[in-house]
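K.L.:
Take a look at the following structure, please.
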Amino acid sequence: MKFQGLTDKEVELSRGKYGSNEIPDSEPTTFWEEFKETFGDPMIKILLAIAVLMIVMFFFGYAEIYEPLGTIVAVLIVAFVSAKTGVASDTKYRELKDSTKKDQCKVHRNNMVTVIDVDDVVVGDKVLLQSGDKIPADGILVSGALSVDNSALNGEAEECKKKETSPETSLVEDITGDTFVDSYSLFRGAVVFDGEGVLDVRRVGLKTMMGKMAEEMQEDEPDSPLKVKLAKLAKQISTFGYIGAIVIAVLYFLYFIVSAGGVSEYFSIGFEQVIKDIVNAVSLAVVIIVCAVPEGLPLMISLVLMQNTSKMLDHNVLVRKAEGIETAGSLNILFSDKTGTITKGMLEVVDFFTADGASIPIPELGGHGNVKRLLDLAIGKNTQSMFDGEHRVIGGNATDQALMKFIGEETFRTLEADKSCVVSRAQGFNSTNKFSQARIDREGKTFYKGAPERLLASAVKYLDGNGEIRDIDKSALDKKIDDLAEKAMRVLAFGYSEKELVENKINEDIVIIGLVGIRDDVRPEAREAIEEVQNAGIQVVMITGDRLETAVAIARDAGLLKNDSDRALSSAQLNEMSDDEVKKIIPNIRVIARALPTDKSRMVRLCQEMNLVVGMTGDGVNDSPALKRADVGFAMGSGTEAAKEAGKIVILDDNFKSIKDAIWYGRTIYHNILKFCKFQLVINVAAVVVSAIAPFFGVEEPLKVTHLLFVNLVMDGLGAIMLGNEPALKKYMDEKPRRRDESIVSRKMMAQIITMGAWLVLISFLYLKLPFFQNLFETEEQHLTGYFVLFIVSALFNGFNVRDDKFGIFKGLNENPGFLKVFFTIILVQALIVNAALVPFTAFTWIGNMFSCVPFGIVGWAAVVLLAVTMIPVDLVRKAIVER
């Protein structure tokens, strides 16, 4: 049929009426948007509220300006680091995206065929489709016949036959899973396997199936599990701080009353003194709140995520959203697309066997000379496929292409170069005959390729592995074919006849050369990675558009279906169940077949309602809405742009092993965050208790506001670097996953924080009140300066304790060289602050005055360090008791 196509004027009119075919990309992440997003963090809000309170108190003369300014600087650094990480990840993703060429298509316009960008297609265009082309818009086939791969849309790797229909035929309004496999409808994103035809474009851009999915992806994403946990922690800490501050302020005020000899005596001292005491009590309360809130935690998390985001690129994992990598470590359930993720995404020969049912390993086939030579002729000279100049297989259907890859490019080129090996007559495959044939006169043979039942009906002989002709044992062969059918394999047979080619007929003297089993096979590395992920306590569910029998066979091979309790369901069975019924069986589901995009999104929603952290892998447009809705979406690097846009993480090599690495590193990041929390919260608990109780023991300000600033910002910021790069340990993959609403601070962790916090408080008061320690110093100023050093160094030694839950606190230091660098840097900085007065520069004198520090002797240093070192043996004793 001849098509004139649209004129340039008609194109503009159509674009004006029906819109463009462009599916708008998401806006690039901007630094300012990412920067503003930081201020929505609950921890950041608490910090800013405290900073405002401190600024107000500064203007009334009851606080130093250093603390609020330091807090604000810390918040700005967090916002800057977070924004930089977000922009860098987005830039990497866009570089990956821009490295691929824009899709183009061939279209009839102005009475000629021209090549245009897919984005320029309009409703009414007549698009010429040929083998290998990607369909550019939704519409119907009005000329020719095609074999289409819809896997990008519905996950099915099966060929779908399309034939022409009348131009008056309408495209179905309500698309279902069945519409993809009808006889004439074509959808954007699908790929032409074979054939030639003309698409009449009916829908473009956001009105296409792909466009609707892109729009669906604009919905808000759920908060990451880390964000949920941090919000809970922030609430707990702020509650502890506020209640503690009020109680201590009241007790402090009561202390003034008791010290004065009673209520009447106290209020007789004068109104001015009462106001001063109230302000002092409130000042102490604010200091306690400042001590309680871990200012360094948001900074630590930003730094750790940024460091690991860049590190993951070495593992072929592109982290698009920084929180995605930590979320990966929290997964409870992982929904995996089958095609291209668990399987290779293409048909291939996975078994070759002779007609006695005996398999010959494919790598060893070259050693079976005569069998291999005749098989190469039966395939290479009896096909519509070929290798092009870029070493790709083109032409023919998916089965032909799989067979061509099986014999290999070298064999194909050798056959092509042999001018004496010519096909004199040939007949292509058709669905009626179920075989194809080719006559090669030089060989004196007619070669056949086709369905086993067709060839075997005319065959009594076969070639064994040694190339000897033998009688066929039909029962052994039938058993082998049945076994392969159970594994979802398609079987093809190859044979030859000494007689001439007869059209539409198989000669009666067929000798079977061999048979092959073909399927979209499981990736070997995926099988291993699935097992590791399952051993990590993560439920893996394969969700596919394939029929149930095929899905079950693949799932068994991939190690997903192992026990009788493991369930495989079809989309239809799932849709007959209510949400509550589905929730009851979710722990047993391993396979969902014939799945629609709505099934995937529904499963993600139900699991999230059960407080499970949900992961989704995929590469097709059909996966995109669920990738977006899941807590973490793993998009495949070779997948559609829609999938990569939806995922938080892009797996560049499509390898399940990389998904496993992402989960492993996610767990490592979470453990490093826990280590830092233990490190910081011990400091905070001790600082709160010491600051609250010390005034009752006659020590007004054991830790000055500037000391707290150093503790909260310098210690915490450098502590993030110290603990954020702790190595990934294999044992993390043996742990059970965490629930979404699980608290960051577990009972075991709380026991360590309280024990070590209590010990730090105890040695603080021993140091502050025992005459032995007081006598080591010449002045009270030196004694209090020594306490500042004791507090910091004790916290640093506790950094070793948090590195391991057991006794390996010094293991792996070579894998985290930053730990000791930071450890000694903080001690060196503190030594400089303490001894600043000894340096003859005004700036150093100012630093010493700001921190209220004066130099003291080597004996004092030795005593302070020895007292601080006790943090390690005390925690080792605690661990030994817990172990026992």
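Please note that chains go A, B, ... in the order of the structure tokens, that every chain numbers its residues from 1, and that ligands are numbered from 1 in the order shown.
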Give the helix (DSSP H, G or I) residues of region 708-826 of chain A, as assigned by DSSP on the backbone, as an MDAnalysis selection string.
P.N.:
chainID A and resid 708:724 730:734 747:769 771:774 780:801 813:815 818:826
K.L.:
Tell me, counting only C-alpha atoms, for each residue of region 356-435 of chain A within 12 Å of region 506-509 of chain A, which pair of atoms is nearest and how far apart they are in Å to one decimal, in rows ordered by chain and increasing number, as JSON lines.
P.N.:
```
{"residue": "A:Gln427", "atom": "CA", "partner": "A:Ile506", "partner_atom": "CA", "distance": 11.4}
{"residue": "A:Asn433", "atom": "CA", "partner": "A:Ile506", "partner_atom": "CA", "distance": 9.4}
{"residue": "A:Lys434", "atom": "CA", "partner": "A:Ile506", "partner_atom": "CA", "distance": 10.7}
{"residue": "A:Phe435", "atom": "CA", "partner": "A:Ile506", "partner_atom": "CA", "distance": 8.7}
```
K.L.:
For Phe797 (chain A), list every protein, DNA or RNA residue within 7 Å, evaluated using only C-alpha atoms, and leave out those in the same chain fewer than 3 positions away; present the list as a count of residues only.
P.N.:
6
K.L.:
Name all residues at most 12 Å from Glu532 (chain A) (count only C-alpha atoms; drop same-chain ones fewer than 5 positions away) and give them as a PDB file with C-alpha atoms, in the first residue's frame.
P.N.:
```pdb
ATOM      1  CA  GLU A 525      25.255 -14.434  38.765  1.00  0.00           C
ATOM      2  CA  ALA A 526      21.579 -13.646  39.479  1.00  0.00           C
ATOM      3  CA  ARG A 527      21.049 -17.136  40.905  1.00  0.00           C
ATOM      4  CA  GLY A 537      16.586 -12.219  55.380  1.00  0.00           C
ATOM      5  CA  ILE A 538      15.137 -10.348  52.404  1.00  0.00           C
ATOM      6  CA  GLN A 539      12.116 -11.914  50.680  1.00  0.00           C
ATOM      7  CA  VAL A 540      12.584 -11.927  46.890  1.00  0.00           C
ATOM      8  CA  GLY A 559      16.167 -20.567  43.489  1.00  0.00           C
ATOM      9  CA  LEU A 560      13.001 -18.649  44.341  1.00  0.00           C
ATOM     10  CA  PHE A 656      21.991  -8.799  40.392  1.00  0.00           C
ATOM     11  CA  LYS A 657      25.375  -8.927  42.115  1.00  0.00           C
ATOM     12  CA  SER A 658      25.425  -5.120  42.002  1.00  0.00           C
ATOM     13  CA  ILE A 659      22.001  -5.067  43.698  1.00  0.00           C
ATOM     14  CA  LYS A 660      23.479  -7.297  46.405  1.00  0.00           C
ATOM     15  CA  ASP A 661      26.441  -4.888  46.743  1.00  0.00           C
ATOM     16  CA  ILE A 663      22.187  -3.774  49.869  1.00  0.00           C
ATOM     17  CA  TRP A 664      25.500  -4.648  51.562  1.00  0.00           C
ATOM     18  CA  LYS A 730      30.481  -9.716  55.558  1.00  0.00           C
ATOM     19  CA  LYS A 731      28.520 -10.340  58.765  1.00  0.00           C
ATOM     20  CA  TYR A 732      26.167  -7.460  57.938  1.00  0.00           C
ATOM     21  CA  MET A 733      24.620  -9.673  55.229  1.00  0.00           C
ATOM     22  CA  ASP A 734      23.776 -12.330  57.830  1.00  0.00           C
ATOM     23  CA  GLU A 735      21.562 -10.012  59.869  1.00  0.00           C
TER      24      GLU A 735
END
```
K.L.:
Using only C-alpha atoms, determine which residues lie at most 12 Å from Ile669 (chain A), disregarding the query and same-chain residues fewer than 3 positions distant; provide the list as an mmCIF file with C-alpha atoms, in the first residue's frame.
P.N.:
```
data_model
loop_
_atom_site.group_PDB
_atom_site.id
_atom_site.type_symbol
_atom_site.label_atom_id
_atom_site.label_comp_id
_atom_site.auth_asym_id
_atom_site.auth_seq_id
_atom_site.Cartn_x
_atom_site.Cartn_y
_atom_site.Cartn_z
ATOM 1 C CA LEU A 226 16.166 6.487 57.566
ATOM 2 C CA MET A 300 27.475 12.927 59.674
ATOM 3 C CA ILE A 301 24.681 11.356 57.621
ATOM 4 C CA SER A 302 25.244 13.802 54.745
ATOM 5 C CA LEU A 303 29.000 13.129 54.744
ATOM 6 C CA VAL A 304 28.593 9.342 54.935
ATOM 7 C CA LEU A 305 26.011 9.266 52.126
ATOM 8 C CA MET A 306 28.193 11.525 49.966
ATOM 9 C CA GLN A 307 31.319 9.396 50.542
ATOM 10 C CA ASN A 308 29.524 6.134 49.764
ATOM 11 C CA THR A 309 27.592 7.514 46.792
ATOM 12 C CA LYS A 311 32.336 4.832 46.185
ATOM 13 C CA MET A 312 29.378 2.833 44.787
ATOM 14 C CA ALA A 322 21.592 9.614 48.248
ATOM 15 C CA GLU A 323 19.101 8.191 50.763
ATOM 16 C CA GLY A 324 18.427 5.320 48.328
ATOM 17 C CA ILE A 325 21.674 3.555 49.194
ATOM 18 C CA GLU A 326 20.908 3.475 52.937
ATOM 19 C CA THR A 327 17.315 2.419 52.211
ATOM 20 C CA ALA A 328 18.665 -0.503 50.175
ATOM 21 C CA GLY A 329 20.229 -1.847 53.359
ATOM 22 C CA SER A 330 16.867 -1.707 55.147
ATOM 23 C CA ALA A 662 24.028 -1.951 47.063
ATOM 24 C CA ILE A 663 22.187 -3.774 49.869
ATOM 25 C CA TRP A 664 25.500 -4.648 51.562
ATOM 26 C CA TYR A 665 26.778 -1.067 51.419
ATOM 27 C CA GLY A 666 23.396 0.204 52.560
ATOM 28 C CA ASN A 672 28.235 3.373 60.572
ATOM 29 C CA ILE A 673 25.367 5.732 61.447
ATOM 30 C CA LEU A 674 24.628 3.569 64.524
ATOM 31 C CA LYS A 675 28.309 3.673 65.516
ATOM 32 C CA PHE A 676 28.278 7.441 65.273
ATOM 33 C CA ALA A 720 31.500 11.634 61.093
ATOM 34 C CA LEU A 723 33.316 6.500 61.740
ATOM 35 C CA GLY A 724 31.639 7.137 58.381
ATOM 36 C CA ASN A 725 34.250 5.181 56.439
ATOM 37 C CA GLU A 726 34.250 2.050 58.579
ATOM 38 C CA PRO A 727 34.715 -1.009 56.282
ATOM 39 C CA ALA A 728 31.847 -3.147 54.956
ATOM 40 C CA LEU A 729 31.790 -6.413 56.935
ATOM 41 C CA TYR A 732 26.167 -7.460 57.938
#
```
K.L.:
Please provide the set of residues having any atom within 12 Å of region 825-842 of chain A, restricted to only C-alpha atoms, with same-chain residues fewer than 3 positions apart removed, written as a PyMOL selection string.
P.N.:
chain A and resi 706-707+710-711+713-719+721-722+781-797+818-822+845-858+861+865
K.L.:
Next, dump the selected residues to file, keeping only C-alpha atoms, as a PDB file, in the first residue's frame.
P.N.:
```pdb
ATOM      1  CA  THR A 706      32.512  27.154  73.965  1.00  0.00           C
ATOM      2  CA  HIS A 707      33.515  23.702  75.236  1.00  0.00           C
ATOM      3  CA  PHE A 710      33.734  22.142  70.409  1.00  0.00           C
ATOM      4  CA  VAL A 711      32.069  18.901  71.551  1.00  0.00           C
ATOM      5  CA  LEU A 713      30.510  20.631  66.199  1.00  0.00           C
ATOM      6  CA  VAL A 714      34.221  19.848  65.915  1.00  0.00           C
ATOM      7  CA  MET A 715      34.019  16.445  67.617  1.00  0.00           C
ATOM      8  CA  ASP A 716      30.825  15.479  65.825  1.00  0.00           C
ATOM      9  CA  GLY A 717      31.869  16.730  62.388  1.00  0.00           C
ATOM     10  CA  LEU A 718      35.255  15.007  62.551  1.00  0.00           C
ATOM     11  CA  GLY A 719      33.604  12.014  64.237  1.00  0.00           C
ATOM     12  CA  ILE A 721      34.684  11.270  59.037  1.00  0.00           C
ATOM     13  CA  MET A 722      36.202   9.020  61.719  1.00  0.00           C
ATOM     14  CA  GLU A 781      41.786  27.267  86.030  1.00  0.00           C
ATOM     15  CA  GLN A 782      44.302  24.531  85.116  1.00  0.00           C
ATOM     16  CA  HIS A 783      42.159  21.921  86.887  1.00  0.00           C
ATOM     17  CA  LEU A 784      39.043  22.928  84.883  1.00  0.00           C
ATOM     18  CA  THR A 785      41.069  23.099  81.649  1.00  0.00           C
ATOM     19  CA  GLY A 786      42.205  19.542  82.418  1.00  0.00           C
ATOM     20  CA  TYR A 787      38.552  18.501  82.716  1.00  0.00           C
ATOM     21  CA  PHE A 788      37.852  19.855  79.222  1.00  0.00           C
ATOM     22  CA  VAL A 789      40.726  17.669  77.937  1.00  0.00           C
ATOM     23  CA  LEU A 790      39.490  14.647  79.953  1.00  0.00           C
ATOM     24  CA  PHE A 791      35.985  14.933  78.499  1.00  0.00           C
ATOM     25  CA  ILE A 792      37.191  15.121  74.887  1.00  0.00           C
ATOM     26  CA  VAL A 793      39.852  12.396  75.152  1.00  0.00           C
ATOM     27  CA  SER A 794      37.426  10.053  76.982  1.00  0.00           C
ATOM     28  CA  ALA A 795      34.953  10.482  74.112  1.00  0.00           C
ATOM     29  CA  LEU A 796      37.728   9.740  71.592  1.00  0.00           C
ATOM     30  CA  PHE A 797      38.717   6.489  73.335  1.00  0.00           C
ATOM     31  CA  GLY A 818      40.830   8.291  58.547  1.00  0.00           C
ATOM     32  CA  PHE A 819      39.982   6.984  62.031  1.00  0.00           C
ATOM     33  CA  LEU A 820      43.450   7.406  63.549  1.00  0.00           C
ATOM     34  CA  LYS A 821      44.109  10.565  61.518  1.00  0.00           C
ATOM     35  CA  VAL A 822      41.022  12.224  63.030  1.00  0.00           C
ATOM     36  CA  THR A 845      45.712  34.431  72.997  1.00  0.00           C
ATOM     37  CA  TRP A 846      42.156  35.187  71.837  1.00  0.00           C
ATOM     38  CA  ILE A 847      41.543  31.453  71.178  1.00  0.00           C
ATOM     39  CA  GLY A 848      42.781  30.574  74.672  1.00  0.00           C
ATOM     40  CA  ASN A 849      40.525  33.197  76.233  1.00  0.00           C
ATOM     41  CA  MET A 850      37.529  32.128  74.148  1.00  0.00           C
ATOM     42  CA  PHE A 851      37.832  28.549  75.427  1.00  0.00           C
ATOM     43  CA  SER A 852      38.766  29.674  78.995  1.00  0.00           C
ATOM     44  CA  CYS A 853      41.856  27.426  78.749  1.00  0.00           C
ATOM     45  CA  VAL A 854      45.274  27.810  80.378  1.00  0.00           C
ATOM     46  CA  PRO A 855      48.383  25.604  79.901  1.00  0.00           C
ATOM     47  CA  PHE A 856      49.189  22.890  82.458  1.00  0.00           C
ATOM     48  CA  GLY A 857      52.045  20.437  83.022  1.00  0.00           C
ATOM     49  CA  ILE A 858      52.907  16.957  81.744  1.00  0.00           C
ATOM     50  CA  TRP A 861      48.233  15.479  80.910  1.00  0.00           C
ATOM     51  CA  VAL A 865      44.850  10.568  79.508  1.00  0.00           C
TER      52      VAL A 865
END
```
K.L.:
Counting only C-alpha atoms, what is within 10 Å of Leu199 (chain A), bar same-chain residues fewer than 6 positions away, as a ChimeraX atom specification?
P.N.:
/A:107,124-129,135-144,164,167,184-187
K.L.:
Keeping only N, CA and C atoms, write the selected residues to a file as a short mmCIF file (atom, residue, chain, number, x, y, z; two decimals), in the first residue's frame.
P.N.:
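Writing the result to again-v6.cif gives the following:
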```
data_model
loop_
_atom_site.label_atom_id
_atom_site.label_comp_id
_atom_site.auth_asym_id
_atom_site.auth_seq_id
_atom_site.Cartn_x
_atom_site.Cartn_y
_atom_site.Cartn_z
N VAL A 107 9.30 7.83 8.65
CA VAL A 107 7.90 8.22 8.54
C VAL A 107 7.58 8.71 7.12
N GLY A 124 -1.64 10.90 13.29
CA GLY A 124 -1.91 10.89 11.85
C GLY A 124 -0.70 10.49 11.02
N ASP A 125 0.49 10.51 11.62
CA ASP A 125 1.69 10.07 10.90
C ASP A 125 1.60 8.60 10.55
N LYS A 126 2.17 8.27 9.39
CA LYS A 126 2.28 6.86 8.98
C LYS A 126 3.76 6.49 9.12
N VAL A 127 4.06 5.69 10.16
CA VAL A 127 5.45 5.36 10.49
C VAL A 127 5.82 4.00 9.90
N LEU A 128 6.92 3.96 9.14
CA LEU A 128 7.41 2.71 8.56
C LEU A 128 8.19 1.95 9.64
N LEU A 129 7.76 0.74 9.95
CA LEU A 129 8.41 -0.08 10.98
C LEU A 129 9.07 -1.29 10.33
N ILE A 135 9.01 1.18 18.47
CA ILE A 135 7.74 1.84 18.10
C ILE A 135 7.68 3.20 18.79
N PRO A 136 7.43 4.29 18.01
CA PRO A 136 7.57 5.64 18.55
C PRO A 136 6.31 6.24 19.19
N ALA A 137 5.15 5.63 18.99
CA ALA A 137 3.90 6.19 19.52
C ALA A 137 2.86 5.07 19.55
N ASP A 138 1.69 5.34 20.16
CA ASP A 138 0.62 4.35 20.20
C ASP A 138 -0.23 4.46 18.93
N GLY A 139 -0.65 3.31 18.43
CA GLY A 139 -1.50 3.35 17.23
C GLY A 139 -1.86 1.96 16.78
N ILE A 140 -2.24 1.84 15.50
CA ILE A 140 -2.64 0.53 14.96
C ILE A 140 -1.83 0.25 13.70
N LEU A 141 -1.69 -1.05 13.39
CA LEU A 141 -0.97 -1.47 12.19
C LEU A 141 -1.94 -1.47 11.01
N VAL A 142 -1.68 -0.61 10.02
CA VAL A 142 -2.61 -0.49 8.88
C VAL A 142 -2.04 -1.11 7.61
N SER A 143 -0.80 -1.62 7.69
CA SER A 143 -0.22 -2.27 6.52
C SER A 143 0.88 -3.21 6.97
N GLY A 144 0.98 -4.40 6.34
CA GLY A 144 2.07 -5.32 6.63
C GLY A 144 1.78 -6.26 7.79
N GLU A 164 -2.20 -6.43 9.78
CA GLU A 164 -2.84 -5.16 9.44
C GLU A 164 -4.34 -5.22 9.67
N PRO A 167 -7.89 1.00 8.40
CA PRO A 167 -7.59 2.33 8.96
C PRO A 167 -8.75 2.90 9.78
N TYR A 184 -3.49 -6.12 16.44
CA TYR A 184 -3.15 -4.95 15.62
C TYR A 184 -2.65 -3.74 16.42
N SER A 185 -2.88 -3.68 17.75
CA SER A 185 -2.49 -2.50 18.53
C SER A 185 -0.98 -2.47 18.77
N LEU A 186 -0.38 -1.29 18.61
CA LEU A 186 1.06 -1.11 18.82
C LEU A 186 1.27 0.03 19.82
N PHE A 187 2.29 -0.13 20.68
CA PHE A 187 2.49 0.84 21.76
C PHE A 187 3.94 1.32 21.82
#
```
K.L.:
Taking the chain letters and numbering used in this document, name the residues of region 604-834 of chain A that DSSP puts in strand (DSSP E or B), as a list of chain:residue names.
P.N.:
A:Val614, A:Gly615, A:Met616, A:Thr617, A:Gly618, A:Val632, A:Gly633, A:Phe634, A:Ala635, A:Met636, A:Ile649, A:Val650, A:Ile651
K.L.:
Given the choices A:Glu581, A:Asp520, A:Asp103, A:Glu498, which gets closest to Val350 (chain A) if the distance is worked out from only C-alpha atoms?
P.N.:
A:Asp520
K.L.:
Between A:Gly189, A:Lys161, A:Ile407, A:Glu390, which one has atoms that come closest to Gly639 (chain A), using only C-alpha atoms?
P.N.:
A:Gly189
